[in-house]
$ cat run_21.pdb   # PDB, C-alpha atoms
MODEL        1
ATOM      1  CA  MET B  39      38.230   7.636 -43.870
ATOM      2  CA  ALA B  40      36.651  11.031 -43.141
ATOM      3  CA  TYR B  41      33.219  12.289 -44.143
ATOM      4  CA  PRO B  42      32.810  15.620 -45.960
ATOM      5  CA  ASP B  43      32.263  17.486 -42.708
ATOM      6  CA  GLY B  44      35.665  16.262 -41.523
ATOM      7  CA  LEU B  45      34.510  13.770 -38.877
ATOM      8  CA  PRO B  46      36.176  10.358 -38.920
ATOM      9  CA  GLN B  47      33.923   7.350 -39.432
ATOM     10  CA  TRP B  48      34.742   5.891 -36.002
ATOM     11  CA  LEU B  49      33.509   9.074 -34.322
ATOM     12  CA  ILE B  50      30.281   9.055 -36.309
ATOM     13  CA  SER B  51      29.726   5.390 -35.414
ATOM     14  CA  TYR B  52      30.401   6.145 -31.755
ATOM     15  CA  LEU B  53      27.988   9.092 -31.750
ATOM     16  CA  LEU B  54      25.261   7.035 -33.434
ATOM     17  CA  SER B  55      25.745   4.271 -30.849
ATOM     18  CA  LEU B  56      25.523   6.826 -28.051
ATOM     19  CA  ILE B  57      22.326   8.288 -29.494
ATOM     20  CA  PHE B  58      20.840   4.790 -29.724
ATOM     21  CA  VAL B  59      21.725   4.022 -26.090
ATOM     22  CA  LEU B  60      20.198   7.321 -24.940
ATOM     23  CA  PHE B  61      17.068   6.492 -26.924
ATOM     24  CA  LEU B  62      16.812   3.115 -25.173
ATOM     25  CA  VAL B  63      17.286   4.742 -21.757
ATOM     26  CA  GLU B  64      14.537   7.259 -22.543
ATOM     27  CA  LEU B  65      12.292   4.451 -23.786
ATOM     28  CA  LYS B  66      12.898   2.546 -20.541
ATOM     29  CA  LEU B  67      11.901   5.562 -18.440
ATOM     30  CA  MET B  68       8.725   5.952 -20.456
ATOM     31  CA  ALA B  69       7.471   2.542 -19.317
ATOM     32  CA  ILE B  70       6.125   4.057 -16.117
ATOM     33  CA  PRO B  71       2.897   5.807 -17.120
ATOM     34  CA  ALA B  72       3.534   9.448 -17.999
ATOM     35  CA  LYS B  73       1.016  10.621 -15.392
ATOM     36  CA  VAL B  74       2.954   8.912 -12.575
ATOM     37  CA  GLN B  75       6.398   9.905 -13.827
ATOM     38  CA  LYS B  76       5.351  13.550 -14.241
ATOM     39  CA  PHE B  77       3.830  13.517 -10.740
ATOM     40  CA  LEU B  78       6.996  12.131  -9.108
ATOM     41  CA  ASP B  79       9.383  14.305 -11.111
ATOM     42  CA  GLY B  80       7.254  17.352 -10.300
ATOM     43  CA  ALA B  81       7.555  16.552  -6.590
ATOM     44  CA  LYS B  82      11.357  16.608  -7.018
ATOM     45  CA  VAL B  83      11.853  13.485  -4.936
ATOM     46  CA  LYS B  84      14.269  10.594  -5.214
ATOM     47  CA  TYR B  85      12.759   7.342  -6.455
ATOM     48  CA  GLU B  86      13.922   4.428  -8.548
ATOM     49  CA  PRO B  87      11.887   2.820 -11.339
ATOM     50  CA  VAL B  88      12.370  -0.956 -11.180
ATOM     51  CA  GLU B  89      11.635  -3.116 -14.198
ATOM     52  CA  HIS B  90      10.591  -6.742 -13.663
ATOM     53  CA  ARG B  91       8.670  -9.527 -15.334
ATOM     54  CA  THR B  92       4.914  -9.105 -15.599
ATOM     55  CA  VAL B  93       3.274  -9.572 -12.196
ATOM     56  CA  TYR B  94      -0.303  -9.138 -11.036
ATOM     57  CA  THR B  95       0.064  -9.615  -7.282
ATOM     58  CA  ALA B  96       2.272  -8.118  -4.582
ATOM     59  CA  TYR B  97       3.203 -11.669  -3.555
ATOM     60  CA  ASP B  98       4.558 -12.375  -7.072
ATOM     61  CA  LYS B  99       6.307  -8.995  -7.144
ATOM     62  CA  ALA B 100       8.182  -9.809  -3.921
ATOM     63  CA  ALA B 101       9.214 -13.207  -5.300
ATOM     64  CA  THR B 102      10.295 -11.707  -8.643
ATOM     65  CA  LEU B 103      12.322  -8.928  -7.021
ATOM     66  CA  LYS B 104      13.696 -11.334  -4.397
ATOM     67  CA  VAL B 105      12.760  -9.003  -1.554
ATOM     68  CA  PRO B 106      10.750  -9.670   1.630
ATOM     69  CA  GLN B 107       6.978  -9.353   1.282
ATOM     70  CA  LYS B 108       6.922  -6.957   4.216
ATOM     71  CA  ILE B 109       8.558  -4.209   2.077
ATOM     72  CA  VAL B 110       6.321  -4.672  -0.973
ATOM     73  CA  GLY B 111       3.175  -2.589  -0.823
ATOM     74  CA  LYS B 112      -0.116  -3.593  -2.363
ATOM     75  CA  THR B 113      -2.519  -0.810  -3.189
ATOM     76  CA  LEU B 114      -6.168  -1.474  -2.473
ATOM     77  CA  VAL B 115      -8.894   0.762  -3.862
ATOM     78  CA  MET B 116     -11.631   1.064  -1.288
ATOM     79  CA  LYS B 117     -15.084   2.600  -1.128
ATOM     80  CA  LEU B 118     -15.222   4.608   2.082
ATOM     81  CA  ASP B 119     -18.895   5.424   2.450
ATOM     82  CA  LYS B 120     -19.543   6.888  -1.023
ATOM     83  CA  GLU B 121     -15.993   8.096  -1.723
ATOM     84  CA  LEU B 122     -12.937   6.216  -2.978
ATOM     85  CA  GLY B 123      -9.685   5.931  -1.064
ATOM     86  CA  LEU B 124      -6.342   4.208  -1.608
ATOM     87  CA  VAL B 125      -4.944   1.867   1.018
ATOM     88  CA  LEU B 126      -1.354   0.587   1.045
ATOM     89  CA  ILE B 127      -0.548  -2.545   3.060
ATOM     90  CA  PRO B 128       2.414  -4.951   2.958
ATOM     91  CA  ALA B 129       2.199  -7.984   0.670
ATOM     92  CA  ASN B 130       2.385 -10.299   3.677
ATOM     93  CA  LYS B 131      -0.762  -8.899   5.290
ATOM     94  CA  ASN B 132      -4.499  -8.763   4.690
ATOM     95  CA  LEU B 133      -6.661  -5.734   5.318
ATOM     96  CA  ASP B 134      -8.441  -5.483   8.657
ATOM     97  CA  LYS B 135     -11.526  -3.673   7.376
ATOM     98  CA  GLN B 136     -12.797  -2.846  10.860
ATOM     99  CA  LYS B 137      -9.577  -1.062  11.819
ATOM    100  CA  LEU B 138      -9.552   0.870   8.522
ATOM    101  CA  LYS B 139     -13.214   1.758   8.980
ATOM    102  CA  LYS B 140     -12.421   3.265  12.374
ATOM    103  CA  LEU B 141      -9.308   5.107  11.121
ATOM    104  CA  ALA B 142     -11.148   6.481   8.066
ATOM    105  CA  LYS B 143     -14.149   7.423  10.210
ATOM    106  CA  ALA B 144     -16.377   5.711   7.666
ATOM    107  CA  ARG B 145     -19.724   4.054   8.345
ATOM    108  CA  LYS B 146     -19.321   1.572   5.505
ATOM    109  CA  ILE B 147     -16.248   0.302   3.648
ATOM    110  CA  ASP B 148     -15.843  -2.164   0.822
ATOM    111  CA  PHE B 149     -13.527  -2.956  -2.055
ATOM    112  CA  ALA B 150     -14.179  -0.856  -5.161
ATOM    113  CA  SER B 151     -15.357  -2.686  -8.279
ATOM    114  CA  GLU B 152     -13.049  -3.024 -11.266
ATOM    115  CA  LYS B 153     -15.509  -0.980 -13.345
ATOM    116  CA  LEU B 154     -15.430   1.873 -10.838
ATOM    117  CA  ILE B 155     -11.623   1.764 -10.692
ATOM    118  CA  LYS B 156     -11.347   1.930 -14.497
ATOM    119  CA  ASN B 157     -13.729   4.896 -14.608
ATOM    120  CA  LYS B 158     -12.131   6.907 -11.793
ATOM    121  CA  LEU B 159      -8.399   6.130 -11.927
ATOM    122  CA  LYS B 160      -7.289   7.063 -15.430
ATOM    123  CA  GLY B 161      -3.732   6.859 -16.745
ATOM    124  CA  VAL B 162      -2.673   3.648 -14.989
ATOM    125  CA  LYS B 163      -3.486  -0.042 -15.318
ATOM    126  CA  THR B 164      -6.130  -1.591 -13.084
ATOM    127  CA  GLY B 165      -4.359  -3.849 -10.612
ATOM    128  CA  ALA B 166      -1.193  -1.732 -10.708
ATOM    129  CA  ILE B 167      -2.513   1.423  -9.031
ATOM    130  CA  PRO B 168       0.240   3.515  -7.405
ATOM    131  CA  PRO B 169      -0.451   4.663  -3.827
ATOM    132  CA  PHE B 170      -0.554   8.366  -4.678
ATOM    133  CA  GLY B 171      -4.166   9.258  -3.903
ATOM    134  CA  ASN B 172      -3.526  12.953  -4.459
ATOM    135  CA  LEU B 173      -3.074  12.166  -8.170
ATOM    136  CA  TRP B 174      -6.846  11.648  -8.251
ATOM    137  CA  LYS B 175      -7.794  13.808  -5.236
ATOM    138  CA  LEU B 176      -8.341  10.720  -3.065
ATOM    139  CA  PRO B 177      -7.356  10.087   0.554
ATOM    140  CA  THR B 178      -4.447   7.684   1.011
ATOM    141  CA  PHE B 179      -3.926   5.366   3.965
ATOM    142  CA  ILE B 180      -0.752   3.410   4.674
ATOM    143  CA  ASP B 181      -0.057   0.645   7.148
ATOM    144  CA  ARG B 182       2.500   1.987   9.634
ATOM    145  CA  SER B 183       4.774  -1.061   9.183
ATOM    146  CA  LEU B 184       5.629   0.081   5.636
ATOM    147  CA  LEU B 185       6.738   3.503   6.850
ATOM    148  CA  LYS B 186       9.209   1.831   9.215
ATOM    149  CA  ALA B 187      11.013   0.069   6.342
ATOM    150  CA  PRO B 188      14.090   1.875   4.929
ATOM    151  CA  LYS B 189      12.774   1.283   1.398
ATOM    152  CA  ILE B 190       9.541  -0.025  -0.068
ATOM    153  CA  PHE B 191       8.405  -1.173  -3.483
ATOM    154  CA  VAL B 192       5.048   0.154  -4.696
ATOM    155  CA  ASN B 193       3.008  -0.076  -7.878
ATOM    156  CA  ALA B 194       4.035   2.231 -10.690
ATOM    157  CA  GLY B 195       0.862   1.959 -12.762
ATOM    158  CA  ASP B 196       2.153  -0.847 -15.002
ATOM    159  CA  TYR B 197       2.466  -4.621 -14.483
ATOM    160  CA  ASN B 198       6.166  -4.621 -15.469
ATOM    161  CA  TRP B 199       7.340  -1.718 -13.338
ATOM    162  CA  SER B 200       7.506  -0.813  -9.677
ATOM    163  CA  ILE B 201       8.813   2.184  -7.787
ATOM    164  CA  LYS B 202      11.432   1.821  -5.091
ATOM    165  CA  ILE B 203      10.956   4.673  -2.639
ATOM    166  CA  ARG B 204      11.700   5.520   0.986
ATOM    167  CA  GLY B 205       8.796   5.889   3.411
ATOM    168  CA  VAL B 206       9.761   9.460   4.284
ATOM    169  CA  VAL B 207       9.769  10.315   0.576
ATOM    170  CA  LEU B 208       6.320   8.765   0.185
ATOM    171  CA  LYS B 209       5.105  11.013   3.007
ATOM    172  CA  LYS B 210       6.499  14.016   1.112
ATOM    173  CA  VAL B 211       4.817  12.968  -2.145
ATOM    174  CA  VAL B 212       1.482  12.348  -0.404
ATOM    175  CA  PRO B 213       1.384  15.077   2.263
ATOM    176  CA  ASP B 214      -2.069  14.090   3.573
ATOM    177  CA  LEU B 215      -1.046  10.446   3.997
ATOM    178  CA  THR B 216      -2.805   8.828   6.957
ATOM    179  CA  SER B 217      -0.943   6.036   8.711
ATOM    180  CA  GLY B 218      -2.284   3.409  11.049
ATOM    181  CA  SER B 219      -2.195  -0.284  11.878
ATOM    182  CA  PHE B 220      -4.825  -1.963   9.744
ATOM    183  CA  GLY B 221      -2.908  -4.850   8.209
ATOM    184  CA  LYS B 222      -3.429  -8.264   9.769
ATOM    185  CA  THR B 223      -1.249 -11.336   9.423
ATOM    186  CA  LYS B 224      -2.381 -13.758   6.736
TER     187      LYS B 224
ENDMDL
END

$ encode --input "run_21.pdb" --output "structure tokens"
Amino acid sequence: MAYPDGLPQWLISYLLSLIFVLFLVELKLMAIPAKVQKFLDGAKVKYEPVEHRTVYTAYDKAATLKVPQKIVGKTLVMKLDKELGLVLIPANKNLDKQKLKKLAKARKIDFASEKLIKNKLKGVKTGAIPPFGNLWKLPTFIDRSLLKAPKIFVNAGDYNWSIKIRGVVLKKVVPDLTSGSFGKTK
């Protein structure tokens, strides 16, 4: 059977199926907050969005993705004197505040409050902050051990998505990235 425009029904069905699949692919890409996706696409770098079950901790993310904790980054939002800064450490480590304090040349450091994070870091979910401080004009610090890994998984701004990225690519995306050893074994 052919439709008035001369296309066979099978072709129309195929085209509609293809359009539906493309719609689903586009919908999947939209799960990463638009602010983060636009930032990464604008940097013209290679990264991979990774969908997973809802997780709230880097430890759970590593278990869900079945990858070692040492390649899963957790982003900490810190008050460095009176300014905010982002700190990325592996899931298997805790922050050594004294080492970060020295590296950041800060007199006082502390974890930022949830209220402050919500007010200052718009466009992403609290607890899923990506480590791209330049998105908000903030300094970004990364534990050197993450840069040594061939690939790392970082927050994408949503509890169901992560970004798989190479350390060298992260350095390109965040040109003023400061690295140091400030993660301590749990």

$ atom_distance --input "run_21.pdb" --atom1 "atom CA of B:Val192" --atom2 "atom CA of B:Arg145"
28.3 Å

$ axis_aligned_box --input "run_21.pdb" --around "stretch 105-119 of chain B" --padding-each-side "3 Å" --output "lines of an AutoDock Vina configuration file"
center_x = -3.1
center_y = -2.1
center_z = 0.2
size_x = 37.7
size_y = 21.1
size_z = 14.1

$ resolve_selection --input "run_21.pdb" --expression "the PyMOL selection byres ((chain B and resi 181) around 10)" --output "list in words"
Gly111, Val125, Leu126, Ile127, Pro128, Lys131, Leu133, Leu138, Phe179, Ile180, Arg182, Ser183, Leu184, Leu185, Lys186, Thr216, Ser217, Gly218, Ser219, Phe220, Gly221 and Lys222 of chain B

$ resolve_selection --input "run_21.pdb" --expression "the PyMOL selection byres ((chain B and resi 84) around 9)" --output "list in words"
Leu78, Asp79, Lys82, Val83, Tyr85, Glu86, Ile203, Arg204 and Val207 of chain B

$ closest_residue --input "run_21.pdb" --among "B:Leu103, B:Gly123, B:Ile155, B:Leu176" --to "B:Lys139" --atoms "only C-alpha atoms"
B:Gly123

$ atom_distance --input "run_21.pdb" --atom1 "atom CA of B:Asp98" --atom2 "atom CA of B:Asn198"
11.5 Å

$ build_atoms --input "run_21.pdb" --residues "stretch 88-99 of chain B" --atoms "all heavy atoms" --output "short mmCIF file (atom, residue, chain, number, x, y, z; two decimals), keeping the file's coordinate frame"
data_model
loop_
_atom_site.label_atom_id
_atom_site.label_comp_id
_atom_site.auth_asym_id
_atom_site.auth_seq_id
_atom_site.Cartn_x
_atom_site.Cartn_y
_atom_site.Cartn_z
N VAL B 88 11.81 0.40 -11.17
CA VAL B 88 12.37 -0.96 -11.18
C VAL B 88 11.57 -1.79 -12.19
O VAL B 88 10.37 -1.98 -12.02
CB VAL B 88 12.29 -1.60 -9.77
CG1 VAL B 88 12.84 -3.01 -9.79
CG2 VAL B 88 13.02 -0.74 -8.75
N GLU B 89 12.28 -2.27 -13.19
CA GLU B 89 11.64 -3.12 -14.20
C GLU B 89 11.69 -4.57 -13.74
O GLU B 89 12.68 -5.01 -13.14
CB GLU B 89 12.34 -2.97 -15.54
CG GLU B 89 11.64 -3.69 -16.67
CD GLU B 89 12.30 -3.45 -18.03
OE1 GLU B 89 13.46 -3.01 -18.08
OE2 GLU B 89 11.63 -3.72 -19.04
N HIS B 90 10.64 -5.33 -14.02
CA HIS B 90 10.59 -6.74 -13.66
C HIS B 90 9.64 -7.46 -14.61
O HIS B 90 8.95 -6.83 -15.41
CB HIS B 90 10.17 -6.94 -12.20
CG HIS B 90 8.95 -6.15 -11.81
ND1 HIS B 90 7.67 -6.50 -12.19
CD2 HIS B 90 8.83 -5.03 -11.07
CE1 HIS B 90 6.81 -5.62 -11.71
NE2 HIS B 90 7.48 -4.71 -11.02
N ARG B 91 9.59 -8.77 -14.49
CA ARG B 91 8.67 -9.53 -15.33
C ARG B 91 7.24 -9.13 -14.98
O ARG B 91 6.97 -8.55 -13.92
CB ARG B 91 8.88 -11.04 -15.18
CG ARG B 91 8.42 -11.62 -13.87
CD ARG B 91 8.51 -13.16 -13.88
NE ARG B 91 8.17 -13.72 -12.60
CZ ARG B 91 6.92 -13.96 -12.18
NH1 ARG B 91 5.90 -13.69 -12.95
NH2 ARG B 91 6.69 -14.47 -10.99
N THR B 92 6.32 -9.43 -15.83
CA THR B 92 4.91 -9.10 -15.60
C THR B 92 4.41 -9.80 -14.34
O THR B 92 4.54 -11.02 -14.21
CB THR B 92 4.06 -9.54 -16.80
OG1 THR B 92 4.56 -8.91 -17.97
CG2 THR B 92 2.60 -9.17 -16.61
N VAL B 93 3.86 -9.02 -13.41
CA VAL B 93 3.27 -9.57 -12.20
C VAL B 93 1.93 -8.90 -11.95
O VAL B 93 1.72 -7.74 -12.31
CB VAL B 93 4.19 -9.40 -10.95
CG1 VAL B 93 5.46 -10.21 -11.09
CG2 VAL B 93 4.52 -7.95 -10.69
N TYR B 94 1.04 -9.65 -11.33
CA TYR B 94 -0.30 -9.14 -11.04
C TYR B 94 -0.60 -9.09 -9.54
O TYR B 94 -1.65 -8.59 -9.15
CB TYR B 94 -1.36 -9.98 -11.75
CG TYR B 94 -1.18 -9.98 -13.26
CD1 TYR B 94 -0.63 -11.08 -13.91
CD2 TYR B 94 -1.53 -8.87 -14.02
CE1 TYR B 94 -0.45 -11.07 -15.28
CE2 TYR B 94 -1.35 -8.85 -15.39
CZ TYR B 94 -0.81 -9.95 -16.02
OH TYR B 94 -0.63 -9.94 -17.37
N THR B 95 0.29 -9.63 -8.73
CA THR B 95 0.06 -9.62 -7.28
C THR B 95 1.32 -9.12 -6.57
O THR B 95 2.44 -9.25 -7.08
CB THR B 95 -0.28 -11.02 -6.74
OG1 THR B 95 0.87 -11.86 -6.86
CG2 THR B 95 -1.47 -11.63 -7.48
N ALA B 96 1.14 -8.57 -5.39
CA ALA B 96 2.27 -8.12 -4.58
C ALA B 96 3.13 -9.32 -4.15
O ALA B 96 4.35 -9.21 -4.05
CB ALA B 96 1.77 -7.35 -3.37
N TYR B 97 2.48 -10.45 -3.92
CA TYR B 97 3.20 -11.67 -3.56
C TYR B 97 4.18 -12.05 -4.67
O TYR B 97 5.35 -12.32 -4.43
CB TYR B 97 2.20 -12.80 -3.30
CG TYR B 97 2.85 -14.14 -3.04
CD1 TYR B 97 3.25 -14.48 -1.75
CD2 TYR B 97 3.06 -15.05 -4.07
CE1 TYR B 97 3.85 -15.71 -1.50
CE2 TYR B 97 3.66 -16.27 -3.82
CZ TYR B 97 4.06 -16.60 -2.55
OH TYR B 97 4.66 -17.81 -2.30
N ASP B 98 3.70 -12.05 -5.92
CA ASP B 98 4.56 -12.38 -7.07
C ASP B 98 5.65 -11.32 -7.27
O ASP B 98 6.77 -11.63 -7.67
CB ASP B 98 3.73 -12.52 -8.34
CG ASP B 98 2.91 -13.79 -8.36
OD1 ASP B 98 3.21 -14.72 -7.58
OD2 ASP B 98 1.94 -13.85 -9.15
N LYS B 99 5.31 -10.07 -7.00
CA LYS B 99 6.31 -8.99 -7.14
C LYS B 99 7.46 -9.22 -6.17
O LYS B 99 8.63 -9.11 -6.54
CB LYS B 99 5.67 -7.64 -6.90
CG LYS B 99 6.62 -6.47 -7.11
CD LYS B 99 5.97 -5.14 -6.83
CE LYS B 99 4.85 -4.89 -7.79
NZ LYS B 99 4.26 -3.56 -7.68
#
